[in-house]
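Colleague: Just dropping this structure here.
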Amino acid sequence: MSKKPLILGIESSCDETAASLLTENEQGIPTILSNIISSQVNVHKEFGGVVPELAARSHVEKIDMIVQKAIDDSGRKIEDIDAIASTAGPGLIVCLSVGLSFGKALAASLDKPFIAVNHLEGHALSPKLDSNLNYPYLLLLISGGHSQFLNVQGLGKYKRLGTTIDDALGEAFDKTAKLLGIEFPGGPQIELLAKKGDPNKYILPKPIFNKGGCNLSFAGLKTAVLKISKKIKTDQEKFDLSASFQKTIEEILYKKTKIAFSEFENQNKVSTKKFVVAGGVAANKNIRSILKKLCEEENYQSIFPPIEFCGDNAAMIAMVGLEKFKLKQFNNLNYPAKPRWPLDENATFLKGAGVQL
Ligand SMILES: Nc1ncnc2c1ncn2[C@@H]1O[C@H](COP(=O)(O)OP(=O)(O)OP(=O)(O)O)[C@@H](O)[C@H]1O
Ligand SMILES: [Mg+2]
């Protein structure tokens with residue numbers, strides 16, 4: 001039996017301190033040995049969003065304990081680790097620096113390779129944690145900071161087909177929740193409230209619905225929610241606005257994904273067309289079911305990571321680490337933290353006033 005790589009993944013890009021040990025079985029299927037996540041939701045709740053300095057301080061306080069627990073829970077010894085993979089970006093620089101420095105120091109002390117991981121690549125590869133997924137595939141990444149359609153052609157090979165020109169979808173969910181008086185992070189709460197409401201009560205705008213290819217825009221939606229929320233008096237109206245918001249998002253994603261399908265097909269000649277939805281918002285069950293329906297209509301295989309791997313976690317960082325380890329893609333210990341690190345480095349920056357679509 002050949003020795004399979006044992007990878008330690010470390011994540012600290014935003015408000016989750018996480019560590020995971022990952023290996024693979026004889027068939028090459030990834031096996032998660034431990035997956036520890038410490039969320040800082042309670043630290044940031046009263047501020048309605050993540051406060052970078054508080055987040056960094058909390059990472060510093062917890063990182064050694066979280067990594068130790070990941071090693072203990074895995075049943076392996078620290079000396080058995082073959083490589084250490086830390087998130088190097090994108091994210092808050094003060095937060096990234098904690099997990100990155102910790103990973104580098106551990107790699108140096110164990111004399112093992114260090115691997116710098118793009119957090120978004122972690123989300124992109126998260127479905128591989130429980131499925132045998134081969135390249136290429138179309139990815140819809142919907143998270144707290146990003147909303148993009150990407151043609152995933154291989155490890156490190158991404159072609160962006162579309163992106164949000166303003167807010168990320170997770171941000172739109174959180175801002176809507178805040179306007180309705182729901183505590184941060186409100187995205188998951190909106191999904192629950194929407195179940196009790198009438199999705200046809202409020203007509204909300206669908207920015208760039210009929211133009212801009214598969215690019216996305218959610219800022220106008222937030223403004224409309226702001227105006228309506230000022231007039232809301234009852235709980236039922238709150239439920240109705242949540243349901244109308246959820247329905248509008250579903251309609252936008254359905255239409256834009258259909259466009260992304262045809263762009264993906266123009267770039268790839270494949271017999272099995274695969275569509276992956278990843279990132280925190282991919283936990284939303286209604287979004288999952290509408291996109292699954294579209295996949296059935298368009299003859300795509302739909303792939304969603306398990307709910308626990310949609311939000312930030314270190315197993316997905318170790319997953320990227322495992323693939324890079326096998327290709328011997330190691331990094332020097334002077335690798336910098338990168339607050340901005342797009343998956344497709346050649347894609348045009350499409351944000352701000354005056355964006356031409
Ligand atoms: N069920 C849900 N419905 C809608 N949104 C959700 C749901 N669950 C989580 N979210 C949203 O997902 C986001 C968090 O996702 P994630 O942790 O991937 O983002 P992030 O790491 O902050 O951003 P990024 O990965 O872009 O750097 C939050 O905005 C949260 O509200
Ligand atoms: Mg994330």
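Following the order of the structure tokens, first chain is A, next is B, and so on, with residues numbered from 1 inside each chain and ligands from 1 in the order they appear.
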List every residue of region 69-254 of chain A that DSSP, applied to the backbone of this structure, places in strand (DSSP E), and write the result as an NGL selection string.
Modeller: :A and (83-89 or 114-118 or 137-142 or 147-154 or 157-163)
Colleague: Only N, CA and C atoms, please: the residues just picked out, written as a JSON list (two decimals), in the first residue's frame.
Modeller:
```json
[["chain", "number", "residue", "atom", "x", "y", "z"],
["A", 83, "ALA", "N", 2.49, 18.17, 3.90],
["A", 83, "ALA", "CA", 2.57, 19.56, 3.43],
["A", 83, "ALA", "C", 1.55, 20.40, 4.16],
["A", 84, "ILE", "N", 1.82, 21.70, 4.24],
["A", 84, "ILE", "CA", 0.89, 22.62, 4.89],
["A", 84, "ILE", "C", 0.39, 23.61, 3.86],
["A", 85, "ALA", "N", -0.96, 23.69, 3.74],
["A", 85, "ALA", "CA", -1.59, 24.59, 2.77],
["A", 85, "ALA", "C", -2.38, 25.65, 3.52],
["A", 86, "SER", "N", -2.01, 26.92, 3.33],
["A", 86, "SER", "CA", -2.74, 28.02, 3.98],
["A", 86, "SER", "C", -3.36, 28.92, 2.94],
["A", 87, "THR", "N", -4.54, 29.48, 3.28],
["A", 87, "THR", "CA", -5.15, 30.50, 2.42],
["A", 87, "THR", "C", -4.24, 31.73, 2.40],
["A", 88, "ALA", "N", -3.90, 32.20, 1.20],
["A", 88, "ALA", "CA", -3.04, 33.40, 1.08],
["A", 88, "ALA", "C", -3.84, 34.58, 0.52],
["A", 89, "GLY", "N", -5.08, 34.36, 0.12],
["A", 89, "GLY", "CA", -5.91, 35.44, -0.41],
["A", 89, "GLY", "C", -7.05, 34.84, -1.21],
["A", 114, "PHE", "N", 5.45, 24.09, 1.74],
["A", 114, "PHE", "CA", 4.37, 25.03, 2.02],
["A", 114, "PHE", "C", 3.61, 25.32, 0.73],
["A", 115, "ILE", "N", 2.27, 25.37, 0.81],
["A", 115, "ILE", "CA", 1.44, 25.63, -0.38],
["A", 115, "ILE", "C", 0.51, 26.81, -0.08],
["A", 116, "ALA", "N", 0.61, 27.86, -0.91],
["A", 116, "ALA", "CA", -0.26, 29.04, -0.77],
["A", 116, "ALA", "C", -1.52, 28.79, -1.58],
["A", 117, "VAL", "N", -2.69, 28.92, -0.94],
["A", 117, "VAL", "CA", -3.95, 28.58, -1.61],
["A", 117, "VAL", "C", -4.82, 29.81, -1.81],
["A", 118, "ASN", "N", -5.44, 29.88, -3.02],
["A", 118, "ASN", "CA", -6.43, 30.90, -3.29],
["A", 118, "ASN", "C", -7.76, 30.42, -2.68],
["A", 137, "TYR", "N", -15.52, 22.01, -15.87],
["A", 137, "TYR", "CA", -16.90, 22.22, -15.44],
["A", 137, "TYR", "C", -17.19, 23.71, -15.35],
["A", 138, "LEU", "N", -18.50, 24.01, -15.43],
["A", 138, "LEU", "CA", -18.91, 25.41, -15.25],
["A", 138, "LEU", "C", -19.17, 25.62, -13.77],
["A", 139, "LEU", "N", -18.64, 26.71, -13.24],
["A", 139, "LEU", "CA", -18.80, 26.99, -11.80],
["A", 139, "LEU", "C", -19.57, 28.30, -11.60],
["A", 140, "LEU", "N", -20.59, 28.24, -10.77],
["A", 140, "LEU", "CA", -21.21, 29.48, -10.27],
["A", 140, "LEU", "C", -20.75, 29.61, -8.83],
["A", 141, "LEU", "N", -19.90, 30.62, -8.59],
["A", 141, "LEU", "CA", -19.39, 30.86, -7.24],
["A", 141, "LEU", "C", -20.20, 32.00, -6.63],
["A", 142, "ILE", "N", -21.00, 31.69, -5.62],
["A", 142, "ILE", "CA", -21.83, 32.72, -4.98],
["A", 142, "ILE", "C", -21.51, 32.73, -3.48],
["A", 147, "SER", "N", -19.39, 36.82, -6.82],
["A", 147, "SER", "CA", -20.47, 36.18, -7.58],
["A", 147, "SER", "C", -19.99, 36.09, -9.01],
["A", 148, "GLN", "N", -19.62, 34.90, -9.44],
["A", 148, "GLN", "CA", -18.99, 34.75, -10.75],
["A", 148, "GLN", "C", -19.38, 33.44, -11.42],
["A", 149, "PHE", "N", -19.41, 33.47, -12.76],
["A", 149, "PHE", "CA", -19.48, 32.24, -13.55],
["A", 149, "PHE", "C", -18.07, 32.00, -14.08],
["A", 150, "LEU", "N", -17.53, 30.81, -13.85],
["A", 150, "LEU", "CA", -16.16, 30.50, -14.30],
["A", 150, "LEU", "C", -16.14, 29.18, -15.06],
["A", 151, "ASN", "N", -15.39, 29.18, -16.14],
["A", 151, "ASN", "CA", -15.12, 27.94, -16.86],
["A", 151, "ASN", "C", -13.87, 27.35, -16.19],
["A", 152, "VAL", "N", -14.06, 26.27, -15.43],
["A", 152, "VAL", "CA", -12.94, 25.66, -14.70],
["A", 152, "VAL", "C", -12.32, 24.58, -15.58],
["A", 153, "GLN", "N", -11.14, 24.89, -16.11],
["A", 153, "GLN", "CA", -10.54, 23.98, -17.08],
["A", 153, "GLN", "C", -9.50, 23.05, -16.46],
["A", 154, "GLY", "N", -9.07, 23.37, -15.25],
["A", 154, "GLY", "CA", -8.08, 22.54, -14.57],
["A", 154, "GLY", "C", -7.62, 23.28, -13.33],
["A", 157, "LYS", "N", -6.60, 26.85, -13.65],
["A", 157, "LYS", "CA", -6.97, 27.31, -15.01],
["A", 157, "LYS", "C", -8.44, 27.72, -15.05],
["A", 158, "TYR", "N", -8.65, 29.01, -14.96],
["A", 158, "TYR", "CA", -10.02, 29.54, -14.89],
["A", 158, "TYR", "C", -10.24, 30.59, -15.96],
["A", 159, "LYS", "N", -11.43, 30.52, -16.60],
["A", 159, "LYS", "CA", -11.82, 31.59, -17.51],
["A", 159, "LYS", "C", -13.12, 32.17, -16.98],
["A", 160, "ARG", "N", -13.09, 33.46, -16.62],
["A", 160, "ARG", "CA", -14.31, 34.06, -16.10],
["A", 160, "ARG", "C", -15.27, 34.37, -17.24],
["A", 161, "LEU", "N", -16.52, 33.92, -17.11],
["A", 161, "LEU", "CA", -17.52, 34.19, -18.13],
["A", 161, "LEU", "C", -18.39, 35.38, -17.73],
["A", 162, "GLY", "N", -18.59, 35.55, -16.43],
["A", 162, "GLY", "CA", -19.41, 36.65, -15.94],
["A", 162, "GLY", "C", -19.11, 36.91, -14.48],
["A", 163, "THR", "N", -19.43, 38.13, -14.05],
["A", 163, "THR", "CA", -19.17, 38.50, -12.65],
["A", 163, "THR", "C", -20.19, 39.56, -12.22]]
```
Colleague: At a cut-off of 8 Å and counting only C-alpha atoms and all ligand atoms, what residues surround ligand 1? Please answer as a count of residues only.
Modeller: 40
Colleague: Set the distance at 7 Å and use only C-alpha atoms: which residues neighbour Lys292 (chain A) once local chain neighbours fewer than 4 positions away are removed? I'd like the list as a list in words.
Modeller: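 The residues satisfying every condition are Arg288, Glu296 and Ser302 of chain A.
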Colleague: Take the residues just selected and output them with N, CA and C atoms as a short mmCIF file (atom, residue, chain, number, x, y, z; two decimals), in the first residue's frame.
Modeller:
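File written: result.cif
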```
data_model
loop_
_atom_site.label_atom_id
_atom_site.label_comp_id
_atom_site.auth_asym_id
_atom_site.auth_seq_id
_atom_site.Cartn_x
_atom_site.Cartn_y
_atom_site.Cartn_z
N ARG A 288 -30.68 26.11 -4.93
CA ARG A 288 -30.26 24.79 -5.39
C ARG A 288 -31.34 24.16 -6.26
N GLU A 296 -31.69 19.97 -15.37
CA GLU A 296 -32.47 18.86 -15.96
C GLU A 296 -32.98 19.28 -17.33
N SER A 302 -25.85 18.43 -12.36
CA SER A 302 -25.71 19.48 -11.34
C SER A 302 -24.96 18.92 -10.12
#
```
Colleague: Excluding Lys258 (chain A) and any residue of its chain fewer than 5 positions from it, enumerate the residues within 10 Å of it, using only C-alpha atoms, and give them as JSON, numbers by chain.
Modeller: {"A": [214, 253, 263, 264, 291, 294, 295, 298]}
Colleague: Which value, in Å to one decimal, gives the distance between CA of Ala224 (chain A) and CA of Ser289 (chain A)?
Modeller: 25.6 Å
Colleague: Pick from A:Glu250, A:Asp167, A:Lys255, A:Lys238: nearest to Phe218 (chain A), with only C-alpha atoms counted?
Modeller: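 Ranking A:Glu250, A:Asp167, A:Lys255, A:Lys238 by distance to Phe218 (chain A), first place goes to A:Asp167.
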Colleague: With only C-alpha atoms as the counted atoms, please give the residues lying no more than 7 Å from Ser217 (chain A), apart from itself and same-chain residues fewer than 5 positions off, as a CSV table (one decimal) with C-alpha atoms, in the first residue's frame.
Modeller:
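Contents of the output file out_3.csv:
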```
chain,number,residue,atom,x,y,z
A,164,THR,CA,-21.2,40.9,-10.5
A,165,ILE,CA,-20.6,44.5,-11.4
A,166,ASP,CA,-21.5,45.7,-7.9
A,167,ASP,CA,-22.5,43.7,-4.8
A,207,PRO,CA,-30.7,44.8,-12.9
A,208,ILE,CA,-29.0,44.0,-16.3
```
Colleague: Which residue out of A:Leu92, A:Leu241, A:Val51, A:Ile249 has the minimum interatomic distance to ligand 2 when only C-alpha atoms and all ligand atoms are used?
Modeller: A:Leu92
Colleague: Using DSSP assignments from the backbone, pull out every residue in region 196-283 of chain A that falls under alpha helix (DSSP H) and give it to me as a PyMOL selection string.
Modeller: chain A and resi 219-229+235-267
Colleague: Which one is closest to Leu350 (chain A): A:Ile307, A:Asn215, A:Ala108, A:Asn268? Count only C-alpha atoms.
Modeller: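 Between A:Ile307, A:Asn215, A:Ala108, A:Asn268, the residue approaching Leu350 (chain A) most closely is A:Asn215.
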Colleague: Pick out the residues sitting within 9 Å of Ala18 (chain A), and hand them over as a list of chain:residue names; count only C-alpha atoms, and ignore anything fewer than 2 positions along from it in its own chain.
Modeller: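 Counting only the stated atoms, we get A:Gly9, A:Ile10, A:Glu11, A:Ser12, A:Glu16, A:Ser20, A:Asn35, A:Ile36, A:Ile37, A:Ser38, A:Ser39, A:Ile63, A:Ile66, A:Val67, A:Ala70, A:Gly99, A:Asp312, A:Asn313, A:Ala314, A:Ala315.
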Colleague: So which one's closest to ligand 2, A:Val60, A:Leu155, A:Leu133, A:Ala124? Using only C-alpha atoms and all ligand atoms, please.
Modeller: A:Ala124
Colleague: Between CA of Leu226 (chain A) and CA of Lys178 (chain A), measure the distance and give it in Å to one decimal.
Modeller: 9.8 Å
Colleague: Identify which of the residues A:Pro5, A:Pro30, A:Pro199, A:Gly122 lies closest to ligand 2, counting only C-alpha atoms and all ligand atoms when measuring atom-to-atom distances.
Modeller: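 Nearest candidate to ligand 2 out of A:Pro5, A:Pro30, A:Pro199, A:Gly122: A:Gly122.
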Colleague: By how many Å are CA of Leu33 (chain A) and CA of Asp73 (chain A) apart?
Modeller: 7.3 Å
Colleague: Taking into account only C-alpha atoms, which residue in the set A:Lys274, A:Arg76, A:Lys128, A:Lys195 is nearest to Pro305 (chain A)?
Modeller: A:Lys128
Colleague: Excluding Leu21 (chain A) and its own-chain neighbours fewer than 2 positions away, which residues fall within 6 Å of it when counting only C-alpha atoms? Please give them as a PyMOL selection string.
Modeller: chain A and resi 7-8+33-34
Colleague: Selected residues, N, CA and C atoms, written as an mmCIF file, in the first residue's frame, please.
Modeller:
```
data_model
loop_
_atom_site.group_PDB
_atom_site.id
_atom_site.type_symbol
_atom_site.label_atom_id
_atom_site.label_comp_id
_atom_site.auth_asym_id
_atom_site.auth_seq_id
_atom_site.Cartn_x
_atom_site.Cartn_y
_atom_site.Cartn_z
ATOM 1 N N ILE A 7 -2.338 16.168 4.154
ATOM 2 C CA ILE A 7 -2.242 17.630 4.007
ATOM 3 C C ILE A 7 -2.958 18.325 5.154
ATOM 4 N N LEU A 8 -2.301 19.327 5.725
ATOM 5 C CA LEU A 8 -2.957 20.197 6.715
ATOM 6 C C LEU A 8 -3.395 21.470 5.992
ATOM 7 N N LEU A 33 -10.001 13.732 7.427
ATOM 8 C CA LEU A 33 -9.723 13.101 8.717
ATOM 9 C C LEU A 33 -10.174 13.984 9.876
ATOM 10 N N SER A 34 -10.156 15.290 9.656
ATOM 11 C CA SER A 34 -10.666 16.218 10.669
ATOM 12 C C SER A 34 -11.014 17.525 9.979
#
```
